[in-house]
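K.L.:
Hey, dropping start-v3.cif in here, mmCIF, C-alpha atoms and all ligand atoms:
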data_model
#
loop_
_atom_site.label_atom_id
_atom_site.label_comp_id
_atom_site.auth_asym_id
_atom_site.auth_seq_id
_atom_site.Cartn_x
_atom_site.Cartn_y
_atom_site.Cartn_z
CA MET Y 2 2.29 -9.16 -4.38
CA ASN Y 3 -0.06 -6.50 -3.08
CA ARG Y 4 -1.51 -4.57 -5.99
CA HIS Y 5 -2.73 -1.53 -4.08
CA LEU Y 6 -1.49 1.53 -2.20
CA ILE Y 7 -4.15 2.17 0.41
CA SER Y 8 -2.19 3.17 3.47
CA ALA Y 9 1.30 4.44 4.31
CA ALA Y 10 1.13 2.22 7.38
CA ASP Y 11 1.23 -0.83 5.06
CA LEU Y 12 4.53 0.17 3.47
CA SER Y 13 7.63 -1.67 4.62
CA LEU Y 14 10.93 0.18 4.75
CA ASP Y 15 12.00 -1.55 1.51
CA ASP Y 16 8.72 -0.59 -0.22
CA ALA Y 17 9.05 3.04 0.82
CA VAL Y 18 12.71 3.29 -0.16
CA ALA Y 19 11.99 1.62 -3.53
CA ILE Y 20 9.32 4.26 -4.25
CA LEU Y 21 11.61 7.13 -3.22
CA ASP Y 22 14.54 5.75 -5.25
CA THR Y 23 12.36 5.23 -8.32
CA ALA Y 24 10.94 8.75 -7.92
CA GLU Y 25 14.50 10.08 -7.85
CA GLU Y 26 15.25 8.35 -11.16
CA LEU Y 27 12.00 9.55 -12.69
CA ALA Y 28 12.53 13.12 -11.48
CA HIS Y 29 15.38 13.41 -13.99
CA LEU Y 30 12.94 12.71 -16.78
CA ALA Y 31 11.42 16.17 -16.31
CA GLU Y 32 14.76 17.66 -17.39
CA ARG Y 33 14.59 15.93 -20.80
CA PRO Y 34 13.25 17.70 -23.90
CA ILE Y 35 10.43 15.14 -24.10
CA PRO Y 36 9.56 14.35 -20.47
CA LYS Y 37 7.73 11.12 -21.25
CA LEU Y 38 8.31 7.35 -21.06
CA PRO Y 39 6.40 4.73 -23.08
CA THR Y 40 6.21 2.41 -20.05
CA LEU Y 41 2.45 2.42 -19.42
CA ARG Y 42 1.31 2.76 -23.01
CA GLY Y 43 -1.97 0.89 -23.47
CA ARG Y 44 -2.81 1.03 -19.74
CA THR Y 45 -5.75 2.99 -18.39
CA VAL Y 46 -5.65 5.03 -15.18
CA VAL Y 47 -8.97 6.34 -13.84
CA ASN Y 48 -8.99 9.33 -11.48
CA LEU Y 49 -12.13 8.76 -9.39
CA PHE Y 50 -12.63 11.90 -7.31
CA TYR Y 51 -15.62 12.19 -4.98
CA GLU Y 52 -14.09 15.17 -3.17
CA ASP Y 53 -12.71 18.42 -4.51
CA SER Y 54 -9.06 18.42 -5.39
CA THR Y 55 -6.79 20.55 -7.49
CA ARG Y 56 -3.20 19.50 -7.00
CA THR Y 57 -3.63 15.79 -6.26
CA ARG Y 58 -5.85 15.08 -9.27
CA ILE Y 59 -3.70 17.10 -11.65
CA SER Y 60 -0.56 15.54 -10.22
CA PHE Y 61 -1.82 11.97 -10.77
CA GLU Y 62 -2.97 12.93 -14.26
CA ALA Y 63 0.44 14.42 -15.14
CA ALA Y 64 2.21 11.37 -13.67
CA ALA Y 65 0.12 8.89 -15.65
CA LYS Y 66 0.49 10.87 -18.86
CA ARG Y 67 4.27 11.12 -18.47
CA LEU Y 68 4.27 7.33 -18.40
CA SER Y 69 2.06 7.31 -21.54
CA ALA Y 70 -1.01 5.80 -19.84
CA ASP Y 71 -4.51 6.76 -20.97
CA VAL Y 72 -6.21 8.84 -18.28
CA ILE Y 73 -9.92 9.07 -17.56
CA ASN Y 74 -10.99 11.77 -15.11
CA PHE Y 75 -14.18 10.97 -13.25
CA SER Y 76 -15.69 13.54 -10.94
CA ALA Y 77 -18.71 12.69 -8.81
CA LYS Y 78 -20.27 16.02 -9.69
CA GLY Y 79 -22.18 15.67 -12.95
CA SER Y 80 -21.90 11.86 -12.97
CA SER Y 81 -24.39 9.10 -12.12
CA VAL Y 82 -23.19 9.41 -8.52
CA ALA Y 83 -25.23 12.61 -8.39
CA LYS Y 84 -28.19 10.38 -9.40
CA GLY Y 85 -27.57 8.07 -6.45
CA GLU Y 86 -25.24 5.46 -7.94
CA SER Y 87 -23.32 3.58 -5.27
CA LEU Y 88 -19.54 3.30 -5.07
CA LYS Y 89 -19.87 -0.39 -5.89
CA ASP Y 90 -21.85 0.21 -9.08
CA THR Y 91 -19.42 2.90 -10.16
CA ALA Y 92 -16.56 0.47 -9.44
CA LEU Y 93 -18.21 -2.23 -11.55
CA THR Y 94 -18.59 0.24 -14.41
CA LEU Y 95 -14.89 1.09 -14.23
CA GLN Y 96 -14.08 -2.59 -14.05
CA ALA Y 97 -16.13 -3.22 -17.20
CA MET Y 98 -14.16 -0.48 -18.95
CA GLY Y 99 -10.90 -2.22 -18.10
CA ALA Y 100 -9.27 0.27 -15.72
CA ASP Y 101 -5.75 -0.90 -14.85
CA ALA Y 102 -5.56 1.51 -11.90
CA VAL Y 103 -8.14 3.53 -10.02
CA VAL Y 104 -6.90 6.58 -8.14
CA VAL Y 105 -9.64 7.32 -5.63
CA ARG Y 106 -10.42 10.25 -3.36
CA HIS Y 107 -13.46 9.93 -1.13
CA SER Y 108 -14.86 11.69 1.92
CA ALA Y 109 -15.45 8.33 3.63
CA SER Y 110 -12.47 6.79 5.42
CA GLY Y 111 -12.08 3.23 4.14
CA ALA Y 112 -13.63 3.81 0.67
CA PRO Y 113 -10.42 2.80 -1.22
CA HIS Y 114 -10.23 -0.36 0.87
CA ARG Y 115 -13.78 -1.32 -0.17
CA LEU Y 116 -13.12 -0.41 -3.78
CA ALA Y 117 -10.10 -2.72 -3.86
CA ARG Y 118 -12.47 -5.67 -3.31
CA TRP Y 119 -14.56 -4.82 -6.36
CA VAL Y 120 -12.01 -4.03 -9.06
CA SER Y 121 -9.26 -6.21 -10.46
CA GLY Y 122 -6.87 -3.30 -11.16
CA SER Y 123 -4.71 -1.48 -8.63
CA VAL Y 124 -6.35 0.96 -6.23
CA ILE Y 125 -4.38 4.00 -5.12
CA ASN Y 126 -5.69 6.04 -2.24
CA ALA Y 127 -5.60 9.75 -3.08
CA GLY Y 128 -7.10 10.71 0.29
CA ASP Y 129 -9.95 9.02 2.18
CA GLY Y 130 -11.82 11.06 4.78
CA THR Y 131 -9.64 11.62 7.82
CA HIS Y 132 -7.82 8.32 7.34
CA GLU Y 133 -4.81 8.45 4.98
CA HIS Y 134 -3.20 10.18 2.02
CA PRO Y 135 -0.18 7.96 1.37
CA THR Y 136 1.21 9.62 -1.77
CA GLN Y 137 1.25 12.98 0.04
CA ALA Y 138 3.39 11.45 2.79
CA LEU Y 139 5.66 9.86 0.18
CA LEU Y 140 6.15 13.16 -1.63
CA ASP Y 141 6.79 14.88 1.70
CA ALA Y 142 9.45 12.28 2.57
CA PHE Y 143 10.93 12.67 -0.91
CA THR Y 144 11.11 16.46 -0.44
CA MET Y 145 12.82 16.07 2.96
CA ARG Y 146 15.29 13.62 1.45
CA ARG Y 147 16.14 15.97 -1.42
CA ARG Y 148 16.55 19.02 0.82
CA LEU Y 149 18.07 17.53 3.98
CA GLY Y 150 18.87 13.86 3.41
CA GLY Y 151 17.21 11.24 5.60
CA PRO Y 152 14.38 11.23 6.55
CA ASP Y 153 16.20 8.81 8.86
CA GLY Y 154 17.16 10.83 11.96
CA LEU Y 155 15.29 14.01 11.04
CA ARG Y 156 13.16 15.71 13.68
CA VAL Y 157 9.83 16.52 12.06
CA THR Y 158 7.21 18.71 13.76
CA ILE Y 159 3.67 18.53 12.37
CA VAL Y 160 1.43 21.39 13.49
CA GLY Y 161 -2.29 22.08 13.26
CA ASP Y 162 -5.53 20.18 12.78
CA ILE Y 163 -4.18 16.67 13.37
CA LEU Y 164 -7.65 15.36 14.24
CA HIS Y 165 -9.02 15.78 10.72
CA SER Y 166 -5.77 15.36 8.80
CA ARG Y 167 -5.14 12.28 6.67
CA VAL Y 168 -1.82 13.92 5.74
CA ALA Y 169 -0.70 13.87 9.38
CA ARG Y 170 -1.67 10.21 9.81
CA SER Y 171 0.12 9.05 6.68
CA ASN Y 172 3.18 11.10 7.59
CA VAL Y 173 3.37 9.76 11.13
CA TRP Y 174 3.36 6.15 9.90
CA LEU Y 175 5.66 6.63 6.94
CA LEU Y 176 8.17 8.78 8.82
CA ARG Y 177 8.29 6.25 11.63
CA THR Y 178 9.08 3.54 9.05
CA LEU Y 179 11.78 5.74 7.52
CA GLY Y 180 13.38 6.44 10.90
CA ALA Y 181 12.39 10.08 11.55
CA GLU Y 182 11.29 11.42 14.93
CA VAL Y 183 7.85 13.05 14.77
CA THR Y 184 6.32 15.57 17.19
CA LEU Y 185 2.72 16.69 16.82
CA VAL Y 186 1.71 20.17 17.97
CA ALA Y 187 -1.98 21.09 18.23
CA PRO Y 188 -4.61 22.31 20.65
CA PRO Y 189 -5.87 19.32 22.68
CA THR Y 190 -9.24 19.57 20.90
CA LEU Y 191 -7.57 18.98 17.52
CA LEU Y 192 -5.75 15.79 18.50
CA PRO Y 193 -7.31 12.33 18.06
CA VAL Y 194 -8.25 10.50 21.27
CA ALA Y 195 -6.03 7.56 20.24
CA VAL Y 196 -2.93 9.69 19.64
CA ASP Y 197 -1.23 8.07 22.65
CA GLY Y 198 -0.89 4.90 20.59
CA TRP Y 199 0.78 6.66 17.65
CA PRO Y 200 4.55 6.39 17.19
CA CYS Y 201 5.28 10.06 17.92
CA SER Y 202 5.35 12.60 20.74
CA VAL Y 203 2.89 15.41 21.40
CA SER Y 204 3.48 19.00 22.51
CA TYR Y 205 1.14 21.92 23.13
CA ASP Y 206 3.96 24.44 23.14
CA PHE Y 207 4.94 25.28 19.56
CA ASP Y 208 7.76 27.70 20.48
CA SER Y 209 9.56 25.14 22.62
CA VAL Y 210 9.86 22.52 19.84
CA LEU Y 211 10.95 24.86 17.05
CA PRO Y 212 14.69 25.09 17.96
CA ALA Y 213 14.92 21.28 17.82
CA SER Y 214 13.07 20.82 14.51
CA ASP Y 215 14.65 20.04 11.13
CA VAL Y 216 11.27 20.17 9.42
CA VAL Y 217 8.05 21.99 10.35
CA MET Y 218 4.98 20.84 8.50
CA MET Y 219 2.03 23.21 8.80
CA LEU Y 220 -1.52 21.90 8.34
CA ARG Y 221 -4.70 23.70 7.43
CA VAL Y 222 -7.67 23.82 9.80
CA GLN Y 223 -10.21 21.61 8.00
CA HIS Y 224 -13.38 23.60 8.65
CA GLU Y 225 -15.32 21.47 6.15
CA ARG Y 226 -14.94 18.42 8.43
CA MET Y 227 -15.88 20.28 11.64
CA SER Y 228 -19.33 20.31 13.15
CA ASP Y 229 -18.28 22.05 16.38
CA ALA Y 230 -16.10 24.92 17.51
CA PHE Y 231 -12.68 23.41 18.26
CA PHE Y 232 -10.99 26.65 19.36
CA PRO Y 233 -12.24 30.03 20.58
CA SER Y 234 -11.33 32.09 17.49
CA VAL Y 235 -9.22 31.93 14.34
CA ARG Y 236 -7.16 34.80 15.71
CA GLU Y 237 -6.33 32.96 18.90
CA TYR Y 238 -5.55 29.77 16.98
CA SER Y 239 -3.24 31.68 14.70
CA ARG Y 240 -1.46 33.36 17.61
CA ARG Y 241 -0.71 30.05 19.34
CA TYR Y 242 -0.30 27.64 16.43
CA GLY Y 243 0.42 29.77 13.37
CA LEU Y 244 3.91 30.07 11.88
CA ASP Y 245 4.94 33.68 11.37
CA GLY Y 246 8.34 35.29 10.77
CA ASP Y 247 9.19 35.59 14.48
CA ARG Y 248 8.52 31.91 15.09
CA MET Y 249 10.39 30.88 11.95
CA ALA Y 250 13.44 32.68 13.39
CA LEU Y 251 13.47 30.12 16.23
CA LEU Y 252 14.25 27.31 13.76
CA PRO Y 253 17.80 26.11 13.14
CA ASP Y 254 19.33 27.64 9.98
CA HIS Y 255 18.99 24.46 7.91
CA ALA Y 256 15.35 23.79 8.82
CA ILE Y 257 12.62 23.74 6.17
CA VAL Y 258 8.93 24.63 6.25
CA MET Y 259 6.42 22.38 4.49
CA HIS Y 260 2.69 22.53 3.77
CA PRO Y 261 0.60 20.05 1.76
CA GLY Y 262 -1.72 22.80 0.52
CA PRO Y 263 -4.20 24.27 0.18
CA MET Y 264 -2.84 26.99 2.49
CA ASN Y 265 -4.76 29.53 4.47
CA ARG Y 266 -2.29 32.40 4.46
CA GLY Y 267 -2.53 34.46 7.61
CA VAL Y 268 -4.08 31.59 9.61
CA GLU Y 269 -1.65 28.64 9.97
CA ILE Y 270 1.13 30.22 7.91
CA ALA Y 271 2.12 33.85 7.30
CA ALA Y 272 2.80 34.96 3.73
CA GLU Y 273 6.41 35.86 4.63
CA VAL Y 274 6.96 32.23 5.71
CA ALA Y 275 5.14 30.63 2.78
CA ASP Y 276 7.20 32.68 0.34
CA SER Y 277 10.54 32.37 2.15
CA PRO Y 278 13.50 30.29 0.84
CA ARG Y 279 12.89 27.82 3.66
CA SER Y 280 9.49 26.98 2.25
CA THR Y 281 9.29 23.83 0.10
CA ILE Y 282 5.63 24.26 -0.82
CA VAL Y 283 6.18 24.61 -4.57
CA GLU Y 284 8.85 21.87 -4.61
CA GLN Y 285 6.36 19.54 -2.92
CA VAL Y 286 4.01 19.99 -5.86
CA THR Y 287 6.79 19.24 -8.37
CA ASN Y 288 7.99 16.26 -6.37
CA GLY Y 289 4.43 14.94 -6.18
CA VAL Y 290 4.48 14.16 -9.89
CA SER Y 291 7.71 12.14 -9.64
CA VAL Y 292 6.48 10.22 -6.61
CA ARG Y 293 3.13 9.42 -8.23
CA MET Y 294 4.91 8.31 -11.38
CA ALA Y 295 6.99 5.97 -9.23
CA VAL Y 296 3.89 4.53 -7.56
CA LEU Y 297 2.09 3.98 -10.88
CA TYR Y 298 5.25 2.56 -12.41
CA LEU Y 299 5.89 0.11 -9.58
CA LEU Y 300 2.27 -0.99 -9.25
CA LEU Y 301 1.46 -1.29 -12.94
CA SER Y 302 4.59 -2.04 -14.86
CA GLY Y 303 4.66 -5.74 -14.04
CA SER Y 304 1.08 -6.60 -13.20
CA ARG Y 305 -0.11 -7.82 -16.58
CA GLU Y 306 2.41 -10.65 -16.66
CA HIS Y 307 1.91 -11.37 -12.93
CA ASP Y 308 5.66 -11.63 -12.36
CA GLY Y 309 6.08 -8.96 -9.75
CA LEU Y 310 7.16 -5.37 -9.96
CA GLY Y 311 9.79 -4.00 -12.34
CA GLU Y 312 13.45 -4.62 -11.61
CA HIS Y 313 15.17 -2.02 -9.48
CA GLY Y 314 16.72 0.48 -11.85
CA VAL Y 315 14.36 -0.28 -14.71
CA ALA Y 316 13.00 3.26 -14.51
CA GLU Y 317 16.52 4.51 -15.07
CA LYS Y 318 17.03 2.14 -17.99
CA ASP Y 319 13.74 3.19 -19.54
CA ALA Y 320 14.69 6.83 -19.00
CA GLU Y 321 18.06 6.22 -20.68
CA LYS Y 322 16.40 4.52 -23.60
CA HIS Y 323 13.91 7.31 -23.87
CA ALA Y 324 16.70 9.88 -23.65
CA ALA Y 325 18.21 8.16 -26.67
CA GLY Y 326 14.85 8.76 -28.32
CA ASN Y 327 14.99 12.39 -27.24
CA ARG Y 328 18.45 12.79 -28.71
CA GLU Y 329 17.18 11.29 -31.96
CA ALA Y 330 14.17 13.58 -31.89
CA ASP Y 331 16.48 16.56 -31.44
CA LYS Y 332 18.22 15.78 -34.74
CA PRO Y 333 16.89 17.89 -37.60
CA GLU Y 334 16.17 14.83 -39.74
CA ALA Y 335 14.07 13.21 -36.99
CA GLY Y 336 10.84 14.71 -38.26
CA LYS Y 337 11.39 13.17 -41.68
CA ARG Y 338 11.30 9.63 -40.44
CA GLY Y 339 7.58 9.23 -40.99
CA ALA Y 340 4.65 8.85 -38.63
CA GLY Y 341 4.67 5.04 -38.73
CA LYS Y 342 8.21 4.68 -37.42
CA ARG Y 343 9.08 4.13 -33.78
CA ARG Y 344 11.40 6.40 -31.81
CA ALA Y 345 14.88 5.12 -30.93
CA GLY Y 346 13.99 4.35 -27.31
CA GLU Y 347 11.08 2.21 -28.45
CA ARG Y 348 13.20 0.35 -31.00
CA GLU Y 349 15.60 -0.55 -28.20
CA LEU Y 350 12.75 -1.93 -26.12
CA VAL Y 351 11.67 -4.11 -29.04
CA ALA Y 352 15.26 -5.24 -29.59
CA ALA Y 353 15.45 -6.16 -25.91
CA GLY Y 354 12.37 -8.36 -26.28
CA GLY Y 355 9.94 -5.82 -24.91
CA ASN Y 356 6.73 -4.59 -26.45
CA PRO Y 357 6.73 -0.81 -26.52
CA SER Y 358 2.96 -0.79 -26.21
CA ARG Y 359 3.20 -2.76 -22.97
CA PRO Y 360 5.20 -2.01 -19.86
CA ARG Y 361 8.48 -3.75 -19.24
CA THR Y 362 8.43 -6.31 -16.52
CA GLY Y 363 11.05 -7.60 -14.21
CA ALA Y 364 11.59 -9.43 -11.00
CA ARG Y 365 11.41 -6.89 -8.22
CA THR Y 366 10.60 -8.94 -5.18
CA ARG Y 367 8.95 -6.19 -3.21
CA GLY Y 368 6.74 -3.28 -4.09
CA PRO Y 369 4.37 -0.86 -2.57
CA ALA Y 370 1.83 -2.66 -0.46
C1 LIG D 401 -5.78 16.69 1.66
O1 LIG D 401 -6.39 16.31 0.68
O2 LIG D 401 -5.85 16.09 2.74
C2 LIG D 401 -4.96 17.94 1.47
O3 LIG D 401 -3.88 17.68 0.71
C3 LIG D 401 -4.66 18.63 2.75
C4 LIG D 401 -5.81 19.52 3.10
O4 LIG D 401 -6.88 19.40 2.52
O5 LIG D 401 -5.62 20.34 3.97
#
Starting from the file, give its structure as structure tokens.

P.N.:
Amino acid sequence: MNRHLISAADLSLDDAVAILDTAEELAHLAERPIPKLPTLRGRTVVNLFYEDSTRTRISFEAAAKRLSADVINFSAKGSSVAKGESLKDTALTLQAMGADAVVVRHSASGAPHRLARWVSGSVINAGDGTHEHPTQALLDAFTMRRRLGGPDGLRVTIVGDILHSRVARSNVWLLRTLGAEVTLVAPPTLLPVAVDGWPCSVSYDFDSVLPASDVVMMLRVQHERMSDAFFPSVREYSRRYGLDGDRMALLPDHAIVMHPGPMNRGVEIAAEVADSPRSTIVEQVTNGVSVRMAVLYLLLSGSREHDGLGEHGVAEKDAEKHAAGNREADKPEAGKRGAGKRRAGERELVAAGGNPSRPRTGARTRGPA
């Protein structure tokens, strides 16, 4: 069993569908009065962020906490990294502290891959340079599935700075696996040289692909990764590759507009588009927590006993058990039961032979690569 999630390209169709199905089950947890499962109690998840991030770090933190894991947030700023410590030495420190999973973001493509050689826990890539951002692609696919079904058969147009975008790369690979048809739209200078080998088509004419798109995913121009001028002016870029109200009107009625954030309003996306009912930008953030919970759950819930990932549907069973706990907690007498007593959901886990302080295990034969 592969313990890590480094690249969307490594995910088989079964892996990807298992993550999306588990995320669907876990999404219902947010509707409960206590949106938490005991599944990863006693496990430690380290967020190791060498690059700035708002939504991804918070999203992983929320996901781990909803599964009752302990979370350690490590930011390169203010740490020994600022004193010159190498990634390897930082990894060995985390290893010594017993991290069960390391969620890593790094400006160097390939850093999570290296890290996976040095730690015994699972490594989850939260964005490495211009390489990949697999959980973003998974949450994007999850959002498409919830809004439109699929992604099998959907026509997805990804627009903007493809050259520097790990989101575009992960989406192209994952959507191909899931059976969607992807078209990239960008100025020639913002497309990778090797794009001919990618499983997608390329267009330079945004307006012509819009009427045949079910999904338009807008990407930010990543100025921080640019050392040259890639287009004459922001204004010209925006005129040719930005999505404004007039362009949005060319989309079929059912089509949705996505953006991984952070957005540059008025450059790649107009405010009227970002705030329109077609926009899924806020939903993507919500869905990110469910998808990251699913990834943590599938990677960590069976690893201690080395018997594979949790059984399909275990998330649902845990959620049901926990809902029983919620119902108990809702009763007025619940508070009188004393601090030392377990909640109903936990008692059921014990009765079923499980240890509530350790994740349940099962016999899933496949999991995220
Ligand atoms: C990323 O980390 O790649 C972001 O989610 C997208 C961006 O920075 O534009």

K.L.:
Counting only C-alpha atoms and all ligand atoms, which protein, DNA or RNA residues come within 8 Å of ligand LIG 401 (chain D), given as a ChimeraX atom specification?

P.N.:
/Y:54,56-57,127-128,131,134,137,166-168,220-223,261-264

K.L.:
Please provide the set of residues having any atom within 10 Å of Thr178 (chain Y), restricted to all atoms listed in the file, with same-chain residues fewer than 6 positions apart removed, written as a PDB file with C-alpha atoms, in the coordinates of the input.

P.N.:
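To be explicit, this is the file written out as around14.pdb:
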ATOM      1  CA  ALA Y   9       1.300   4.440   4.310  1.00  0.00           C
ATOM      2  CA  ALA Y  10       1.130   2.220   7.380  1.00  0.00           C
ATOM      3  CA  ASP Y  11       1.230  -0.830   5.060  1.00  0.00           C
ATOM      4  CA  LEU Y  12       4.530   0.170   3.470  1.00  0.00           C
ATOM      5  CA  SER Y  13       7.630  -1.670   4.620  1.00  0.00           C
ATOM      6  CA  LEU Y  14      10.930   0.180   4.750  1.00  0.00           C
ATOM      7  CA  ASP Y  15      12.000  -1.550   1.510  1.00  0.00           C
ATOM      8  CA  ALA Y  17       9.050   3.040   0.820  1.00  0.00           C
ATOM      9  CA  VAL Y  18      12.710   3.290  -0.160  1.00  0.00           C
ATOM     10  CA  PRO Y 152      14.380  11.230   6.550  1.00  0.00           C
ATOM     11  CA  ASP Y 153      16.200   8.810   8.860  1.00  0.00           C
ATOM     12  CA  ASN Y 172       3.180  11.100   7.590  1.00  0.00           C
ATOM     13  CA  PRO Y 200       4.550   6.390  17.190  1.00  0.00           C
TER      14      PRO Y 200
END

K.L.:
Between Y:Leu95, Y:Met145, Y:Val203, Y:Val160, which is the closest to Ala181 (chain Y) once you count only C-alpha atoms?

P.N.:
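With only C-alpha atoms as the atom set, the closest residue is Y:Met145.
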
K.L.:
So, with all atoms listed in the file as the atoms that count, which of Y:Ser69, Y:Asn48, Y:Thr136, Y:Thr40 lies closest to His107 (chain Y)?

P.N.:
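Of Y:Ser69, Y:Asn48, Y:Thr136, Y:Thr40, the one nearest His107 (chain Y), counting all atoms listed in the file, is Y:Asn48.
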
K.L.:
For Asp247 (chain Y), which of Y:Asp208, Y:Pro278, Y:Asp101, Y:Val235 is the closest residue, counting all atoms listed in the file?

P.N.:
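Among the listed residues, Y:Asp208 lies closest to Asp247 (chain Y).
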